[in-house]
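What follows is a set of notes on a single structure, which appears directly below.
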Amino acid sequence: MKKNTTILLAAALLCAIGMKARNDNGIADMNAAVESFLASGQLMTKDTHWSHAMEQWDFKYVIQGDTLCEPQALTRLKDAFAAAASHSPFVYLRDAGNGPKQEAEVRFVRTDNMYGNIYGRYSMDKSSDMRIVALGDSANRTYYGMKWRVTPFCDRNGKSWCTLDGWLFIFRDGIWDIDVQPQYNHSQYRKGYALPPLSSSDQLKFETLMTQLQKLEERFSNGEGTNADLRLYILTKLIDEYDGQLTEQQHQELTGKLHSFALNSSSEEEKRFISKASASLYKHVRTFPSGIVNCSATNSGKYTDPELERMMEVKYNLGSDKPRLMNTKLTGTASGRVDVYPCFPNWRPYETAADSGRFTFGEQLIENQLFMIRDANGNSLAVFADSIPTTVNLLTMILSGSPLNERFAQAQQRLKALDPEVRRYAIVDSDGDVTVMDQEGYKGWLADVQRLQMQLMDENADNLIPVWFLANNYTMMSYDDLGRYLKKDRPYSNHVALQPVWEYYEGMAKRLTGRRFADAECADTTGTRHRLSEYIGKGDYVVLQFWEEQSWIAHAGCKQMKQMAKKYKGKNIRFVGLSLDYNKETWKNYVRKRDLSYEHLTILTSDANKRWEDNVVKAYGIKSLPETIIFDPKGRIISTGLAGESLKQKVESLKLRDK
């Protein structure tokens, strides 16, 4: 008996040793396969995320023609995943057109002391393939994954192309929660948090939502639960499913409550959602706005260089009188539900169903208000509100209506003809976010887009059409180009949508090249007050970056400032971050946790509604974040508006010396 037990123990030990050897060999083989793939040169690759526990690379392959021959580098990597799957404790294999329903996603999440909650979310659609394998034991498991899709398209000249866009990712350390599930699975947490039923009265709906948000805040602030994913789910459910109408005052109260959530959250994803939730709730304000309307906005999208993404606080003065309204009538053809979004300023969209592909819409809108018509498949067209009935086919972009709207639709058709070509140079996800893979090609395409936009504005200088292009693209335009179109005698110059554009243009004039720095008072992380003259004009170059911790777009700029400060340490250049955060503890915590080892200042105000009126902000005409200004040793501006690679190149070109 003892001999048999010894034999069994030895066999178990050999089995465990063999399993460990297979795991070790499997990890080594997968790491070698990943390195070989990234070094192959057959595909464009880009490192898009790195932390101590997560890595991600985007990859792209483009050929001319309507059939894509799979590159050998991808085939070899797929073979490596197939080999690893034979001894992996977790395997997920999905082929395009065959797998979970269209809304399925694969989700990784873990809690981290440095970064808060780290998320990896990979949504699926009918054209996507995915492979995930896990290697290593349960205490030290590594997940390897890849997702890719093939997209055929035609360029403006009718030539056929195929692109293969993909993501390769690794999650290390074995403490990730991983799940494959439908997005927006409302039954997932139903037992964990019971929501009281909503009343049919709009007033009671508002009061109920405020109570729900208050209870949610108390529940998590008291330590009852720390699951950030659960909290984000509940917030998303509450905001997305709210169906009552709101007054302007009620919307402001809800926005204030959401801000308190953001201040107490450590989840970057939750903060991004909360920053959008206020705008989402504003859709429920059905009364036409009057007086001063403040909105947050971003300039992201396929027509925006990702390096120049900005968060803007925009203001519209609609006056105290009720605006002149037009009985706007639309009929047309679309795919699924149709949404009508009033633009600049935005408020609650109107929804109408498409019956057998046909829809009808009739509402009073402000005269000459811009609004967007969009169907369920993302087909869209912008229109001016007028009294002439409009018929539109969103599938073909053909419109019949007033002479202005017919001309406007033709202008949009010409611009949209360039859209497919962006796929040659960038990965465009389902939300419209752009990851540039071929920087030179993308900038060339973007230059074509911008030239056409300016041509369309020149051709329509005698009507309102330039309003649309200026309101959408002003943060991408130079001071001289904006001045070319912002003329007081133009028929569009007083359109309400251009009010933020004029303010931005006037702000740019305060930071033109050659201007001497403007002095103003700030404070450092200890609360000690300083003047900018202590930093600028003292014999060093100064890179001054305006930013805000609550603006996720600004975080990349902080990372770059940290890298440059380290690289040029000991040189005659100073890197200074100037925060617009009204919550000083949140700002200081971010600086400390991210080890942003360069100089930091902040505005003096702690009032969220007054931070854009702070003296230092007004002195430099700051209307968007991040905004970077470079001063020469004598305190004169030598560059502004740079970010990413262009900022790096500008700093490299400076004639720096050792101190």
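FYI, nothing fancy with the structure tokens labels: chains A, B, ... in order, residues from 1 per chain, ligands from 1 as they appear.
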
For this session: Could you give me, as a count of residues only, the residues within 9 Å of Arg272 (chain A), counting only C-alpha atoms and dropping anything in the same chain fewer than 2 positions from it?
Result: 12

For this session: Would you kindly return, as a list in words, each protein, DNA or RNA residue with an atom no farther than 10 Å from any atom of Met476 (chain A), considering only C-alpha atoms and excluding same-chain residues fewer than 5 positions away?
Result: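 Residues meeting the cut-off are Asn299, Tyr303, Thr304, Asp305, Leu308, Glu309, Arg310, Gln450, Leu470, Asp481, Leu482 and Gly641 of chain A.
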
Output N, CA and C atoms of each residue in that selection to a file, as a JSON list (two decimals), in the first residue's frame.
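Saved result, out.json, follows:
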```
[["chain", "number", "residue", "atom", "x", "y", "z"],
["A", 299, "ASN", "N", -13.75, 68.04, -29.44],
["A", 299, "ASN", "CA", -13.62, 68.16, -30.90],
["A", 299, "ASN", "C", -13.11, 66.87, -31.52],
["A", 303, "TYR", "N", -12.31, 63.81, -38.39],
["A", 303, "TYR", "CA", -11.74, 65.00, -39.00],
["A", 303, "TYR", "C", -10.81, 65.75, -38.04],
["A", 304, "THR", "N", -10.50, 65.16, -36.89],
["A", 304, "THR", "CA", -9.65, 65.79, -35.89],
["A", 304, "THR", "C", -8.40, 64.96, -35.68],
["A", 305, "ASP", "N", -7.24, 65.57, -35.86],
["A", 305, "ASP", "CA", -6.00, 64.90, -35.53],
["A", 305, "ASP", "C", -6.04, 64.54, -34.04],
["A", 308, "LEU", "N", -4.60, 66.70, -31.47],
["A", 308, "LEU", "CA", -5.19, 68.03, -31.25],
["A", 308, "LEU", "C", -6.59, 67.94, -30.66],
["A", 309, "GLU", "N", -6.93, 66.80, -30.06],
["A", 309, "GLU", "CA", -8.22, 66.70, -29.39],
["A", 309, "GLU", "C", -8.26, 67.69, -28.22],
["A", 310, "ARG", "N", -9.42, 68.31, -28.04],
["A", 310, "ARG", "CA", -9.58, 69.31, -27.00],
["A", 310, "ARG", "C", -10.94, 69.14, -26.31],
["A", 450, "GLN", "N", -9.42, 69.32, -44.97],
["A", 450, "GLN", "CA", -9.45, 70.72, -44.55],
["A", 450, "GLN", "C", -9.46, 71.67, -45.74],
["A", 470, "LEU", "N", -17.40, 75.89, -39.62],
["A", 470, "LEU", "CA", -16.68, 76.64, -38.60],
["A", 470, "LEU", "C", -16.98, 76.10, -37.21],
["A", 481, "ASP", "N", -6.41, 81.45, -40.63],
["A", 481, "ASP", "CA", -7.51, 80.83, -41.37],
["A", 481, "ASP", "C", -8.86, 81.20, -40.77],
["A", 482, "LEU", "N", -8.95, 81.24, -39.44],
["A", 482, "LEU", "CA", -10.21, 81.67, -38.82],
["A", 482, "LEU", "C", -10.52, 83.12, -39.18],
["A", 641, "GLY", "N", -0.44, 75.90, -29.13],
["A", 641, "GLY", "CA", -1.37, 74.97, -29.78],
["A", 641, "GLY", "C", -0.76, 73.65, -30.18]]
```

For this session: From a DSSP pass on the backbone, collect the residues of region 527-633 of chain A flagged as alpha helix (DSSP H) and hand them back as a list in words.
Result: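 Assigned to alpha helix (DSSP H), within region 527-633 of chain A: His555, Ala556, Gly557, Cys558, Lys559, Gln560, Met561, Lys562, Gln563, Met564, Ala565, Lys566, Lys567, Lys584, Glu585, Thr586, Trp587, Lys588, Asn589, Tyr590, Val591, Arg592, Lys593, Asn615, Val616, Val617, Lys618 and Ala619 of chain A.
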
Problem set entry | DSSP strand (DSSP E) selection over region 474-616 of chain A, as number ranges by chain | A: 521-523, 529-531, 541-547, 573-579, 599-602

Would you write out those residues with C-alpha atoms, as a compact mmCIF listing (two decimals), in the first residue's frame?
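Writing done, so here's result.txt:
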```txt
# COMPACT_ATOMS: atom_id res chain seq x y z
CA GLU A 521 -1.23 84.91 -9.72
CA CYS A 522 -1.48 81.13 -9.15
CA ALA A 523 -0.78 78.64 -6.35
CA ARG A 529 0.86 81.72 -4.03
CA HIS A 530 3.17 82.57 -6.92
CA ARG A 531 3.20 84.80 -9.96
CA TYR A 541 12.57 78.33 -21.97
CA VAL A 542 9.20 77.51 -20.39
CA VAL A 543 6.62 75.00 -21.58
CA LEU A 544 3.35 76.01 -19.89
CA GLN A 545 0.49 73.54 -20.22
CA PHE A 546 -3.08 74.40 -19.17
CA TRP A 547 -4.97 71.23 -18.23
CA ILE A 573 14.00 74.65 -19.90
CA ARG A 574 11.18 74.41 -17.35
CA PHE A 575 7.99 72.40 -17.67
CA VAL A 576 5.00 73.83 -15.80
CA GLY A 577 1.50 72.39 -15.55
CA LEU A 578 -1.26 74.90 -14.77
CA SER A 579 -4.43 73.19 -13.61
CA GLU A 599 6.41 71.97 -11.65
CA HIS A 600 2.70 72.38 -10.92
CA LEU A 601 0.49 75.41 -10.41
CA THR A 602 -3.27 75.87 -10.21
```

For this session: Go ahead and compute the interatomic distance for CA of Glu406 (chain A) and CA of Ala376 (chain A), in Å to one decimal.
Result: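 Here the two named atoms are 23.0 Å from each other.
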
Exercise. Any idea what's packed within 7 Å of region 69-75 of chain A, counting only C-alpha atoms, ignoring anything in its chain fewer than 6 positions away? Could you give it as a PyMOL selection string?
Worked result: chain A and resi 37+40+42

For this session: Check the smallest atom-to-atom distance from each of A:Ser260, A:Leu415, A:Phe108, A:Met437 to Phe469 (chain A) using only C-alpha atoms, then report the winner.
Result: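 So, comparing all the options, the nearest one is A:Leu415.
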
Problem set entry | Residues within 8 Å of Gly174 (chain A), only C-alpha atoms, excluding chain neighbours under 2 positions, as a count of residues only | 9

Problem set entry | Shell around Lys159 (chain A) at 12 Å using only C-alpha atoms, local window under 4 positions removed, as a ChimeraX atom specification | /A:63-66,152-155,420-421

Problem set entry | Test item: residues at most 10 Å from Tyr479 (chain A), only C-alpha atoms, excluding those fewer than 2 positions along its chain, as a list in words |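 That gives Tyr474, Thr475, Met476, Met477, Asp481, Leu482, Gly483, Arg484, Tyr504, Tyr505, Glu506, Gly507, Met508, Ala509 and Leu512 of chain A.
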
Using the selection just defined, write its residues with N, CA and C atoms as a JSON list (two decimals), in the first residue's frame.
```
[["chain", "number", "residue", "atom", "x", "y", "z"],
["A", 474, "TYR", "N", -13.35, 74.73, -35.65],
["A", 474, "TYR", "CA", -12.58, 75.93, -35.35],
["A", 474, "TYR", "C", -11.33, 75.65, -34.51],
["A", 475, "THR", "N", -11.34, 74.62, -33.66],
["A", 475, "THR", "CA", -10.15, 74.35, -32.86],
["A", 475, "THR", "C", -9.03, 73.73, -33.69],
["A", 476, "MET", "N", -9.33, 73.32, -34.91],
["A", 476, "MET", "CA", -8.32, 72.75, -35.80],
["A", 476, "MET", "C", -7.74, 73.80, -36.74],
["A", 477, "MET", "N", -8.29, 75.00, -36.71],
["A", 477, "MET", "CA", -7.90, 76.02, -37.67],
["A", 477, "MET", "C", -6.90, 77.00, -37.06],
["A", 481, "ASP", "N", -6.41, 81.45, -40.63],
["A", 481, "ASP", "CA", -7.51, 80.83, -41.37],
["A", 481, "ASP", "C", -8.86, 81.20, -40.77],
["A", 482, "LEU", "N", -8.95, 81.24, -39.44],
["A", 482, "LEU", "CA", -10.21, 81.67, -38.82],
["A", 482, "LEU", "C", -10.52, 83.12, -39.18],
["A", 483, "GLY", "N", -9.50, 83.96, -39.16],
["A", 483, "GLY", "CA", -9.71, 85.36, -39.51],
["A", 483, "GLY", "C", -10.18, 85.56, -40.94],
["A", 484, "ARG", "N", -9.84, 84.61, -41.79],
["A", 484, "ARG", "CA", -10.27, 84.68, -43.20],
["A", 484, "ARG", "C", -11.78, 84.55, -43.33],
["A", 504, "TYR", "N", -13.23, 81.97, -29.13],
["A", 504, "TYR", "CA", -11.99, 81.21, -29.28],
["A", 504, "TYR", "C", -10.98, 82.01, -30.11],
["A", 505, "TYR", "N", -11.44, 82.61, -31.19],
["A", 505, "TYR", "CA", -10.59, 83.41, -32.07],
["A", 505, "TYR", "C", -10.00, 84.60, -31.32],
["A", 506, "GLU", "N", -10.82, 85.28, -30.53],
["A", 506, "GLU", "CA", -10.34, 86.43, -29.76],
["A", 506, "GLU", "C", -9.34, 85.98, -28.69],
["A", 507, "GLY", "N", -9.55, 84.77, -28.14],
["A", 507, "GLY", "CA", -8.60, 84.23, -27.17],
["A", 507, "GLY", "C", -7.27, 83.90, -27.81],
["A", 508, "MET", "N", -7.28, 83.39, -29.04],
["A", 508, "MET", "CA", -6.04, 83.06, -29.73],
["A", 508, "MET", "C", -5.15, 84.29, -29.90],
["A", 509, "ALA", "N", -5.76, 85.45, -30.08],
["A", 509, "ALA", "CA", -5.00, 86.69, -30.29],
["A", 509, "ALA", "C", -4.13, 87.03, -29.08],
["A", 512, "LEU", "N", -0.51, 84.88, -29.47],
["A", 512, "LEU", "CA", 0.16, 84.81, -30.76],
["A", 512, "LEU", "C", 1.67, 84.86, -30.58]]
```

Problem set entry | Shell of 10 Å around region 451-468 of chain A, only C-alpha atoms, local chain residues under 2 positions omitted, as JSON, numbers by chain | {"A": [343, 344, 368, 370, 371, 382, 383, 384, 404, 405, 407, 408, 409, 411, 412, 414, 415, 418, 445, 446, 447, 448, 449, 470, 471, 472, 473, 481, 484, 485, 486, 490, 491, 492, 493, 494, 495, 496, 497, 498, 501]}

Exercise. What is the CA of Glu241 (chain A) to CA of Val180 (chain A) distance in Å?
Worked result: 23.5 Å

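Proximity to Lys78 (chain A) was assessed for A:Asp129, A:Asp540, A:Asp173, A:Asp112 counting only C-alpha atoms; the smallest distance is recorded for A:Asp129.
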
Closest contacts (region 234-280 of chain A/region 348-354 of chain A, max 12 Å, only C-alpha atoms) as JSON lines:
```
{"residue": "A:Asp243", "atom": "CA", "partner": "A:Arg348", "partner_atom": "CA", "distance": 11.0}
{"residue": "A:Gly244", "atom": "CA", "partner": "A:Arg348", "partner_atom": "CA", "distance": 11.2}
{"residue": "A:Gln245", "atom": "CA", "partner": "A:Arg348", "partner_atom": "CA", "distance": 9.2}
{"residue": "A:Leu246", "atom": "CA", "partner": "A:Arg348", "partner_atom": "CA", "distance": 9.9}
{"residue": "A:Thr247", "atom": "CA", "partner": "A:Arg348", "partner_atom": "CA", "distance": 11.6}
{"residue": "A:Glu248", "atom": "CA", "partner": "A:Arg348", "partner_atom": "CA", "distance": 11.8}
{"residue": "A:His251", "atom": "CA", "partner": "A:Arg348", "partner_atom": "CA", "distance": 11.7}
{"residue": "A:Ser278", "atom": "CA", "partner": "A:Arg348", "partner_atom": "CA", "distance": 11.6}
{"residue": "A:Ala279", "atom": "CA", "partner": "A:Arg348", "partner_atom": "CA", "distance": 9.1}
{"residue": "A:Ser280", "atom": "CA", "partner": "A:Arg348", "partner_atom": "CA", "distance": 8.1}
```

Please produce a file of the residues just selected, as a compact mmCIF listing (two decimals), in the first residue's frame, where the atoms kept are all heavy atoms.
```txt
# COMPACT_ATOMS: atom_id res chain seq x y z
N ASP A 243 -36.52 58.82 -18.50
CA ASP A 243 -37.40 59.20 -19.61
C ASP A 243 -38.29 60.39 -19.27
O ASP A 243 -39.27 60.65 -19.97
CB ASP A 243 -38.25 58.01 -20.05
CG ASP A 243 -39.17 57.51 -18.95
OD1 ASP A 243 -39.05 57.99 -17.80
OD2 ASP A 243 -40.00 56.63 -19.23
N GLY A 244 -37.99 61.11 -18.19
CA GLY A 244 -38.79 62.28 -17.85
C GLY A 244 -38.25 63.55 -18.49
O GLY A 244 -37.12 63.58 -18.98
N GLN A 245 -39.08 64.58 -18.49
CA GLN A 245 -38.65 65.89 -18.97
C GLN A 245 -38.12 66.69 -17.79
O GLN A 245 -38.55 66.52 -16.65
CB GLN A 245 -39.79 66.63 -19.66
CG GLN A 245 -40.27 65.93 -20.92
CD GLN A 245 -41.32 66.75 -21.66
OE1 GLN A 245 -41.46 67.94 -21.44
NE2 GLN A 245 -42.06 66.09 -22.54
N LEU A 246 -37.16 67.59 -18.07
CA LEU A 246 -36.50 68.37 -17.03
C LEU A 246 -36.59 69.86 -17.33
O LEU A 246 -36.63 70.27 -18.50
CB LEU A 246 -35.01 67.99 -16.94
CG LEU A 246 -34.67 66.57 -16.53
CD1 LEU A 246 -33.19 66.31 -16.76
CD2 LEU A 246 -35.04 66.31 -15.09
N THR A 247 -36.58 70.66 -16.27
CA THR A 247 -36.39 72.10 -16.43
C THR A 247 -34.89 72.38 -16.41
O THR A 247 -34.08 71.52 -16.02
CB THR A 247 -37.07 72.87 -15.30
OG1 THR A 247 -36.41 72.56 -14.06
CG2 THR A 247 -38.54 72.50 -15.19
N GLU A 248 -34.50 73.59 -16.80
CA GLU A 248 -33.09 73.96 -16.75
C GLU A 248 -32.56 73.84 -15.33
O GLU A 248 -31.44 73.37 -15.10
CB GLU A 248 -32.91 75.39 -17.26
CG GLU A 248 -33.17 75.58 -18.74
CD GLU A 248 -31.97 75.19 -19.58
OE1 GLU A 248 -30.93 74.83 -19.01
OE2 GLU A 248 -32.08 75.26 -20.82
N HIS A 251 -31.99 70.25 -14.33
CA HIS A 251 -30.79 69.73 -14.99
C HIS A 251 -29.53 70.18 -14.26
O HIS A 251 -28.58 69.40 -14.08
CB HIS A 251 -30.74 70.19 -16.44
CG HIS A 251 -29.50 69.78 -17.17
ND1 HIS A 251 -28.43 70.63 -17.34
CD2 HIS A 251 -29.15 68.60 -17.73
CE1 HIS A 251 -27.47 70.00 -17.98
NE2 HIS A 251 -27.88 68.77 -18.24
N SER A 278 -24.05 64.61 -18.03
CA SER A 278 -24.75 65.89 -17.97
C SER A 278 -25.32 66.25 -19.34
O SER A 278 -26.47 66.67 -19.46
CB SER A 278 -23.82 66.99 -17.47
OG SER A 278 -24.45 68.25 -17.53
N ALA A 279 -24.48 66.08 -20.38
CA ALA A 279 -24.95 66.36 -21.74
C ALA A 279 -26.07 65.41 -22.13
O ALA A 279 -27.03 65.79 -22.81
CB ALA A 279 -23.79 66.25 -22.73
N SER A 280 -25.96 64.15 -21.67
CA SER A 280 -27.01 63.18 -21.98
C SER A 280 -28.33 63.58 -21.33
O SER A 280 -29.39 63.52 -21.96
CB SER A 280 -26.58 61.79 -21.50
OG SER A 280 -27.59 60.84 -21.71
```

For this session: Find the distance between CA of Gly166 (chain A) and CA of Lys302 (chain A) and write it in Å to one decimal.
Result: 17.9 Å

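Closest approach to Ile178 (chain A) among A:Arg121, A:Arg149, A:Arg94, A:Arg516: A:Arg121, based on only C-alpha atoms.
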